[in-house]
>>> print(open('structure32.csv').read())   # CSV, C-alpha atoms
chain,number,residue,atom,x,y,z
A,165,MET,CA,188.8,10.5,111.3
A,166,VAL,CA,186.3,10.5,108.5
A,167,SER,CA,183.9,13.2,107.2
A,168,VAL,CA,180.4,12.0,106.8
A,169,SER,CA,177.6,13.4,104.6
A,170,PRO,CA,174.7,13.8,104.6
A,171,VAL,CA,174.8,15.1,108.2
A,172,TYR,CA,171.7,13.2,109.3
A,173,LEU,CA,173.5,9.9,108.8
A,174,ALA,CA,176.7,10.7,110.8
A,175,GLY,CA,175.5,9.1,114.0
A,176,GLY,CA,175.2,10.6,117.5
A,177,GLY,CA,178.8,11.7,118.2
A,178,ASP,CA,180.1,13.0,121.6
A,179,PRO,CA,177.3,14.3,123.9
A,180,ALA,CA,179.8,16.7,125.5
A,181,TRP,CA,179.5,18.8,122.3
A,182,VAL,CA,176.1,19.8,123.7
A,183,THR,CA,176.4,19.5,127.5
A,184,VAL,CA,179.8,21.1,128.2
A,185,PRO,CA,179.1,24.4,126.5
A,186,LEU,CA,175.7,24.6,128.1
A,187,HIS,CA,177.3,24.3,131.5
A,188,ARG,CA,180.6,26.3,131.0
A,189,ALA,CA,179.6,28.9,128.5
A,190,CYS,CA,175.8,29.4,129.2
A,191,GLY,CA,175.8,28.9,133.0
A,192,TRP,CA,173.4,25.9,133.1
A,193,SER,CA,173.7,24.1,136.4
A,194,HIS,CA,174.0,20.3,136.5
A,195,GLY,CA,172.8,17.6,138.8
A,196,ASN,CA,173.7,14.0,138.8
A,197,ASP,CA,172.5,10.9,140.4
A,198,PRO,CA,175.3,8.4,141.0
A,199,LEU,CA,172.8,5.6,140.7
A,200,GLN,CA,171.6,6.7,137.3
A,201,PRO,CA,173.5,7.1,134.0
A,202,ARG,CA,172.0,10.4,133.1
A,203,VAL,CA,172.7,14.1,132.9
A,204,LEU,CA,170.4,16.9,134.0
A,205,LEU,CA,171.1,20.5,133.1
A,206,SER,CA,168.9,23.5,134.0
A,207,SER,CA,169.1,27.0,132.7
A,208,PRO,CA,170.0,29.9,135.0
A,209,ASP,CA,166.4,31.1,135.1
A,210,GLN,CA,165.2,27.6,135.9
A,211,LYS,CA,162.8,27.7,132.9
A,212,ALA,CA,164.6,25.2,130.7
A,213,LEU,CA,165.8,21.6,131.5
A,214,LEU,CA,167.9,19.3,129.4
A,215,ARG,CA,167.8,15.6,130.2
A,216,LEU,CA,170.3,13.1,128.7
A,217,GLU,CA,169.2,9.6,129.6
A,218,PRO,CA,170.7,6.7,127.6
A,219,ARG,CA,168.1,3.9,127.3
A,220,ALA,CA,167.2,1.1,125.0
A,221,ASP,CA,163.8,2.5,123.9
A,222,GLY,CA,162.7,6.1,123.4
A,223,PRO,CA,164.6,9.4,123.1
A,224,TRP,CA,167.9,10.0,124.8
A,225,TRP,CA,167.7,13.8,124.7
A,226,THR,CA,164.7,15.7,126.1
A,227,ILE,CA,164.6,19.5,126.3
A,228,GLN,CA,161.7,21.0,128.3
A,229,HIS,CA,160.8,24.7,128.5
A,230,ALA,CA,158.3,26.2,131.0
A,231,ARG,CA,155.7,28.7,130.0
A,232,THR,CA,156.7,32.3,129.8
A,233,ALA,CA,154.7,35.5,129.8
A,234,ASP,CA,154.5,35.5,126.0
A,235,HIS,CA,154.9,31.8,125.0
A,236,PRO,CA,153.4,28.5,126.1
A,237,ALA,CA,155.4,25.6,127.4
A,238,TRP,CA,157.1,23.2,124.9
A,239,SER,CA,159.4,20.2,124.7
A,240,ALA,CA,161.7,18.5,122.2
A,241,ARG,CA,163.0,15.0,122.1
A,242,PHE,CA,165.8,13.4,120.1
A,243,ASP,CA,166.9,9.8,119.6
A,244,ALA,CA,170.4,8.5,120.3
A,245,ARG,CA,171.6,8.6,116.7
A,246,THR,CA,170.6,12.3,116.2
A,247,PRO,CA,173.9,14.1,115.4
A,248,VAL,CA,175.1,16.1,118.4
A,249,GLU,CA,175.9,19.0,116.1
A,250,VAL,CA,172.2,19.2,115.1
A,251,ILE,CA,171.1,19.2,118.7
A,252,ALA,CA,173.9,21.8,119.5
A,253,ALA,CA,172.6,24.2,116.8
A,254,PHE,CA,169.2,23.9,118.5
A,255,THR,CA,170.5,24.5,122.1
A,256,ASP,CA,172.9,27.3,120.9
A,257,ALA,CA,169.9,29.2,119.5
A,258,LEU,CA,167.8,28.5,122.6
A,259,THR,CA,170.5,30.0,124.8
A,260,SER,CA,171.4,32.9,122.6
A,261,PRO,CA,170.9,36.3,124.2
A,262,SER,CA,169.4,37.6,121.0
A,263,GLN,CA,167.0,35.7,118.7
A,264,PRO,CA,168.9,34.6,115.5
A,265,ALA,CA,167.9,36.4,112.3
A,266,VAL,CA,166.2,33.5,110.6
A,267,THR,CA,163.0,33.0,108.6
A,268,PRO,CA,160.0,32.1,110.8
A,269,ASP,CA,159.1,29.3,108.3
A,270,PRO,CA,161.1,26.2,109.2
A,271,PHE,CA,160.5,24.7,105.7
A,272,GLU,CA,162.4,27.6,104.0
A,273,PRO,CA,165.9,26.2,104.6
A,274,LEU,CA,164.7,22.9,103.0
A,275,ARG,CA,163.4,24.7,99.9
A,276,GLU,CA,166.7,26.6,99.6
A,277,ALA,CA,168.5,23.3,99.8
A,278,ARG,CA,166.3,22.0,97.0
A,279,TRP,CA,164.6,19.3,99.0
A,280,PRO,CA,161.7,17.9,96.9
A,281,LYS,CA,158.5,19.9,97.0
A,282,PRO,CA,155.6,17.9,98.4
A,283,GLU,CA,152.7,17.2,96.1
A,284,ILE,CA,149.9,17.5,98.6
A,285,ASP,CA,150.8,18.7,102.1
A,286,ARG,CA,153.7,20.5,103.8
A,287,ARG,CA,155.7,17.3,104.5
A,288,ARG,CA,159.3,17.4,103.2
A,289,LEU,CA,161.4,14.5,102.1
A,290,SER,CA,165.2,14.7,101.8
A,291,PRO,CA,166.6,14.2,98.3
A,292,ASP,CA,167.6,10.7,99.1
A,293,GLY,CA,164.2,9.9,100.7
A,294,LEU,CA,165.7,9.0,104.1
A,295,VAL,CA,164.4,12.0,106.0
A,296,ARG,CA,160.7,13.0,106.4
A,297,ILE,CA,159.7,16.2,108.2
A,298,ASN,CA,156.1,16.9,109.1
A,299,ASP,CA,154.5,19.7,111.0
A,300,HIS,CA,151.1,18.3,111.8
A,301,PRO,CA,149.9,17.9,114.5
A,302,ASN,CA,153.4,18.4,116.0
A,303,TRP,CA,156.8,18.6,114.5
A,304,GLU,CA,158.1,15.2,113.5
A,305,ILE,CA,161.5,14.3,112.0
A,306,ARG,CA,162.0,10.7,110.9
A,307,THR,CA,165.3,9.4,109.5
A,308,ALA,CA,164.9,5.8,108.3
A,309,LEU,CA,165.7,3.2,105.7
A,310,PRO,CA,162.6,1.6,104.0
A,311,MET,CA,162.4,-1.0,106.7
A,312,GLU,CA,164.8,0.2,109.4
A,313,PRO,CA,164.4,3.4,111.6
A,314,ILE,CA,167.7,5.3,112.2
A,315,TRP,CA,166.6,8.2,114.5
A,316,ARG,CA,163.6,10.5,115.1
A,317,ALA,CA,162.9,13.8,116.8
A,318,ASP,CA,159.6,15.1,118.1
A,319,LEU,CA,158.9,18.7,118.9
A,320,ASP,CA,155.7,20.2,120.4
A,321,ARG,CA,153.7,22.4,118.0
A,322,THR,CA,154.4,25.2,120.5
A,323,THR,CA,158.2,25.0,120.0
A,324,PRO,CA,159.3,28.5,118.9
A,325,PRO,CA,159.5,28.6,115.1
A,326,HIS,CA,163.0,30.1,115.0
A,327,LEU,CA,164.3,27.1,116.9
A,328,VAL,CA,162.7,24.7,114.5
A,329,THR,CA,164.2,26.7,111.6
A,330,ILE,CA,167.6,26.4,113.1
A,331,LEU,CA,167.1,22.6,113.3
A,332,THR,CA,166.0,22.3,109.7
A,333,THR,CA,168.9,24.5,108.6
A,334,ALA,CA,171.3,22.1,110.4
A,335,LEU,CA,169.7,19.1,108.8
A,336,ALA,CA,169.9,20.6,105.3
A,337,SER,CA,173.6,21.6,105.7
A,338,ARG,CA,175.9,20.2,103.1
A,339,THR,CA,179.0,20.5,105.4
A,340,PRO,CA,180.1,17.0,106.4
A,341,LEU,CA,180.5,16.1,110.0
A,342,LEU,CA,183.7,14.5,111.5
A,343,ARG,CA,183.5,11.1,113.2
A,344,ARG,CA,185.9,8.4,114.3
A,345,PRO,CA,185.3,5.4,111.9
A,346,ASP,CA,183.9,3.4,114.8
A,347,GLN,CA,181.3,6.1,115.5
A,348,VAL,CA,179.7,5.9,112.1
A,349,PRO,CA,176.5,3.8,112.2
A,350,HIS,CA,176.6,0.7,109.9
A,351,LEU,CA,173.1,1.4,108.9
A,352,ALA,CA,172.9,3.2,105.5
A,353,ARG,CA,176.6,3.1,104.9
A,354,ASP,CA,175.8,2.6,101.3
A,355,ARG,CA,173.8,5.9,101.3
A,356,MET,CA,176.5,8.1,102.8
A,357,ALA,CA,179.8,9.6,101.6
A,358,LEU,CA,182.8,8.9,103.7
A,359,THR,CA,186.1,10.6,103.3
A,360,ALA,CA,189.2,9.9,105.4
A,361,ARG,CA,190.7,13.0,107.0
A,362,ASP,CA,194.1,13.4,108.5
A,363,ILE,CA,193.5,15.7,111.5
A,364,PRO,CA,196.2,16.5,114.1
A,365,ALA,CA,195.4,15.1,117.5
A,366,GLU,CA,195.9,18.5,119.1
A,367,ALA,CA,193.2,19.9,116.8
A,368,LEU,CA,190.7,17.3,117.8
A,369,ALA,CA,191.6,17.8,121.5
A,370,SER,CA,191.0,21.5,121.3
A,371,ALA,CA,187.8,21.5,119.2
A,372,LEU,CA,185.5,21.4,122.2
A,373,GLU,CA,187.5,24.1,124.1
A,374,ASP,CA,187.3,26.3,121.0
A,375,ARG,CA,183.6,25.8,120.8
A,376,VAL,CA,183.1,26.8,124.5
A,377,ARG,CA,185.2,29.9,124.1
A,378,ALA,CA,183.4,30.9,120.9
A,379,LEU,CA,180.0,30.5,122.5
A,380,ALA,CA,181.0,32.4,125.6
A,381,ALA,CA,182.4,35.2,123.5
A,382,HIS,CA,179.2,35.4,121.5
A,383,ARG,CA,177.1,35.6,124.7
A,384,ALA,CA,179.4,38.3,126.1
A,385,ALA,CA,179.2,40.4,122.9
A,386,HIS,CA,175.4,40.2,122.8
A,387,THR,CA,174.7,40.8,126.5
A,388,ALA,CA,174.1,44.5,127.1
A,389,PRO,CA,176.0,45.9,130.1
A,390,ALA,CA,174.0,47.6,132.8
A,391,ARG,CA,173.6,51.3,131.9
A,392,PRO,CA,174.7,53.8,134.6
A,393,ARG,CA,171.9,55.8,136.1
A,394,PRO,CA,172.0,59.4,134.7
A,395,SER,CA,173.0,62.1,137.2
A,396,THR,CA,170.2,64.3,138.4
A,397,GLY,CA,172.6,67.1,139.3
A,398,HIS,CA,171.4,67.1,142.9
A,399,GLY,CA,173.9,67.5,145.7
A,400,ARG,CA,176.5,69.2,143.6
A,401,THR,CA,178.6,71.9,145.3
A,402,ARG,CA,180.1,75.0,143.8
>>> encode(input="structure32.csv", output="structure tokens")
Amino acid sequence: MVSVSPVYLAGGGDPAWVTVPLHRACGWSHGNDPLQPRVLLSSPDQKALLRLEPRADGPWWTIQHARTADHPAWSARFDARTPVEVIAAFTDALTSPSQPAVTPDPFEPLREARWPKPEIDRRRLSPDGLVRINDHPNWEIRTALPMEPIWRADLDRTTPPHLVTILTTALASRTPLLRRPDQVPHLARDRMALTARDIPAEALASALEDRVRALAAHRAAHTAPARPRPSTGHGRTR
């Protein structure tokens, strides 16, 4: 295994890092079509849908959320080379029983990570110039070499701000991501730091199970149990 930094150059990784916890820890139901190489997962309340559809052009990942009483509908789309850990941070926040305590300004994590300050508008460039984040008219993330796109993400303007903040926090993280050497994209290899890691096979095999258990425990701890109805005192005998 190798550790890769910055995180946005690590490549896609294993999609199960996103899909398995959604199904097993968060109760999202899945449907599959044996004639289509795609995954469909829907939330228990049927308001959110994740579609993973590998294809040559366009996004592989699409997350759609229906309108609610206090928020309009929104969707988010991610290309194939978007690191699954970045998408998982987004879906973990989406499925959390309680809203994470994060700043409502998605640019704040980038400022804290010392991404260069824009001269004119609110666009942000990563320190190496490979990532551009723009919030007008919708949220756009572009990761690219000067003449070669790597991956992109597009989020509706109506995407809840705390979810966008979780996404920018993940992008600005300085914690390297683990990949098999063959999983690391050849694009921009001269722009990334690769460090060989000797990790026991059993640790790799249990990582996903550990993630499922941790997410399920978090949900259980933050889901309030039903309160017993108070006794009215009627019907008591002496």
>>> residues_around(input="structure32.csv", residues="A:Leu216", least_positions_apart="3", cutoff="7 Å", atoms="all atoms listed in the file", output="JSON, numbers by chain")
{"A": [202, 203, 204, 224, 225, 226]}
>>> write_last_selection(input="structure32.csv", atoms="C-alpha atoms", output="PDB file, keeping the file's coordinate frame")
ATOM      1  CA  ARG A 202     172.000  10.400 133.100  1.00  0.00           C
ATOM      2  CA  VAL A 203     172.700  14.100 132.900  1.00  0.00           C
ATOM      3  CA  LEU A 204     170.400  16.900 134.000  1.00  0.00           C
ATOM      4  CA  TRP A 224     167.900  10.000 124.800  1.00  0.00           C
ATOM      5  CA  TRP A 225     167.700  13.800 124.700  1.00  0.00           C
ATOM      6  CA  THR A 226     164.700  15.700 126.100  1.00  0.00           C
TER       7      THR A 226
END
>>> closest_residue(input="structure32.csv", among="A:Ala212, A:Val171, A:Ala378, A:Ala308", to="A:Trp238", atoms="only C-alpha atoms")
A:Ala212
>>> residues_around(input="structure32.csv", residues="stretch 176-184 of chain A", least_positions_apart="2", cutoff="6 Å", atoms="only C-alpha atoms", output="number ranges by chain")
A: 186-188, 244-248, 252
>>> write_last_selection(input="structure32.csv", atoms="C-alpha atoms", output="mmCIF file, in the coordinates of the input")
data_model
loop_
_atom_site.group_PDB
_atom_site.id
_atom_site.type_symbol
_atom_site.label_atom_id
_atom_site.label_comp_id
_atom_site.auth_asym_id
_atom_site.auth_seq_id
_atom_site.Cartn_x
_atom_site.Cartn_y
_atom_site.Cartn_z
ATOM 1 C CA LEU A 186 175.700 24.600 128.100
ATOM 2 C CA HIS A 187 177.300 24.300 131.500
ATOM 3 C CA ARG A 188 180.600 26.300 131.000
ATOM 4 C CA ALA A 244 170.400 8.500 120.300
ATOM 5 C CA ARG A 245 171.600 8.600 116.700
ATOM 6 C CA THR A 246 170.600 12.300 116.200
ATOM 7 C CA PRO A 247 173.900 14.100 115.400
ATOM 8 C CA VAL A 248 175.100 16.100 118.400
ATOM 9 C CA ALA A 252 173.900 21.800 119.500
#
>>> closest_residue(input="structure32.csv", among="A:Thr339, A:Thr307, A:Gln200, A:Thr332", to="A:Leu173", atoms="all atoms listed in the file")
A:Thr307
>>> closest_residue(input="structure32.csv", among="A:Met165, A:Val266, A:Leu274, A:Val250", to="A:Pro364", atoms="all atoms listed in the file")
A:Met165
>>> residues_around(input="structure32.csv", residues="A:Ser290", least_positions_apart="4", cutoff="10 Å", atoms="all atoms listed in the file", output="ChimeraX atom specification")
/A:170,274,277-281,294-297,307,335-336
>>> atom_distance(input="structure32.csv", atom1="atom CA of A:Leu289", atom2="atom CA of A:Gly222")
22.9 Å
>>> residues_near_point(input="structure32.csv", point="(175.5, 40.1, 124.3)", cutoff="12 Å", atoms="only C-alpha atoms", output="PyMOL selection string")
chain A and resi 190+259-263+379-390
>>> residues_around(input="structure32.csv", residues="A:Asp209", least_positions_apart="4", cutoff="12 Å", atoms="only C-alpha atoms", output="ChimeraX atom specification")
/A:190-193,205,213,229-230,232,259
>>> build_atoms(input="structure32.csv", residues="stretch 287-300 of chain A", atoms="N, CA, C and O atoms", output="PDB file, in the frame of the given file")
ATOM      1  N   ARG A 287     154.644  18.233 104.177  1.00  0.00           N
ATOM      2  CA  ARG A 287     155.700  17.300 104.500  1.00  0.00           C
ATOM      3  C   ARG A 287     156.878  17.474 103.540  1.00  0.00           C
ATOM      4  O   ARG A 287     156.673  17.719 102.357  1.00  0.00           O
ATOM      5  N   ARG A 288     158.080  17.282 104.078  1.00  0.00           N
ATOM      6  CA  ARG A 288     159.300  17.400 103.200  1.00  0.00           C
ATOM      7  C   ARG A 288     160.071  16.098 103.327  1.00  0.00           C
ATOM      8  O   ARG A 288     160.286  15.570 104.419  1.00  0.00           O
ATOM      9  N   LEU A 289     160.537  15.615 102.195  1.00  0.00           N
ATOM     10  CA  LEU A 289     161.400  14.500 102.100  1.00  0.00           C
ATOM     11  C   LEU A 289     162.796  14.952 101.663  1.00  0.00           C
ATOM     12  O   LEU A 289     162.896  15.810 100.775  1.00  0.00           O
ATOM     13  N   SER A 290     163.859  14.408 102.258  1.00  0.00           N
ATOM     14  CA  SER A 290     165.200  14.700 101.800  1.00  0.00           C
ATOM     15  C   SER A 290     165.401  14.186 100.386  1.00  0.00           C
ATOM     16  O   SER A 290     164.666  13.286  99.952  1.00  0.00           O
ATOM     17  N   PRO A 291     166.365  14.704  99.638  1.00  0.00           N
ATOM     18  CA  PRO A 291     166.600  14.200  98.300  1.00  0.00           C
ATOM     19  C   PRO A 291     166.780  12.729  98.146  1.00  0.00           C
ATOM     20  O   PRO A 291     166.402  12.127  97.143  1.00  0.00           O
ATOM     21  N   ASP A 292     167.381  12.104  99.172  1.00  0.00           N
ATOM     22  CA  ASP A 292     167.600  10.700  99.100  1.00  0.00           C
ATOM     23  C   ASP A 292     166.416   9.873  99.694  1.00  0.00           C
ATOM     24  O   ASP A 292     166.438   8.636  99.724  1.00  0.00           O
ATOM     25  N   GLY A 293     165.392  10.589 100.157  1.00  0.00           N
ATOM     26  CA  GLY A 293     164.200   9.900 100.700  1.00  0.00           C
ATOM     27  C   GLY A 293     164.338   9.347 102.062  1.00  0.00           C
ATOM     28  O   GLY A 293     163.412   8.685 102.550  1.00  0.00           O
ATOM     29  N   LEU A 294     165.438   9.616 102.756  1.00  0.00           N
ATOM     30  CA  LEU A 294     165.700   9.000 104.100  1.00  0.00           C
ATOM     31  C   LEU A 294     165.120   9.839 105.226  1.00  0.00           C
ATOM     32  O   LEU A 294     164.962   9.333 106.330  1.00  0.00           O
ATOM     33  N   VAL A 295     164.862  11.121 104.989  1.00  0.00           N
ATOM     34  CA  VAL A 295     164.400  12.000 106.000  1.00  0.00           C
ATOM     35  C   VAL A 295     162.983  12.519 105.663  1.00  0.00           C
ATOM     36  O   VAL A 295     162.768  12.961 104.531  1.00  0.00           O
ATOM     37  N   ARG A 296     162.058  12.463 106.609  1.00  0.00           N
ATOM     38  CA  ARG A 296     160.700  13.000 106.400  1.00  0.00           C
ATOM     39  C   ARG A 296     160.480  14.025 107.553  1.00  0.00           C
ATOM     40  O   ARG A 296     160.700  13.699 108.719  1.00  0.00           O
ATOM     41  N   ILE A 297     160.033  15.213 107.202  1.00  0.00           N
ATOM     42  CA  ILE A 297     159.700  16.200 108.200  1.00  0.00           C
ATOM     43  C   ILE A 297     158.261  16.636 108.010  1.00  0.00           C
ATOM     44  O   ILE A 297     157.832  16.988 106.909  1.00  0.00           O
ATOM     45  N   ASN A 298     157.519  16.577 109.093  1.00  0.00           N
ATOM     46  CA  ASN A 298     156.100  16.900 109.100  1.00  0.00           C
ATOM     47  C   ASN A 298     155.759  17.838 110.191  1.00  0.00           C
ATOM     48  O   ASN A 298     156.351  17.760 111.280  1.00  0.00           O
ATOM     49  N   ASP A 299     154.829  18.743 109.958  1.00  0.00           N
ATOM     50  CA  ASP A 299     154.500  19.700 111.000  1.00  0.00           C
ATOM     51  C   ASP A 299     153.081  19.613 111.522  1.00  0.00           C
ATOM     52  O   ASP A 299     152.559  20.559 112.132  1.00  0.00           O
ATOM     53  N   HIS A 300     152.464  18.460 111.348  1.00  0.00           N
ATOM     54  CA  HIS A 300     151.100  18.300 111.800  1.00  0.00           C
ATOM     55  C   HIS A 300     150.892  16.901 112.413  1.00  0.00           C
ATOM     56  O   HIS A 300     151.297  15.923 111.778  1.00  0.00           O
TER      57      HIS A 300
END
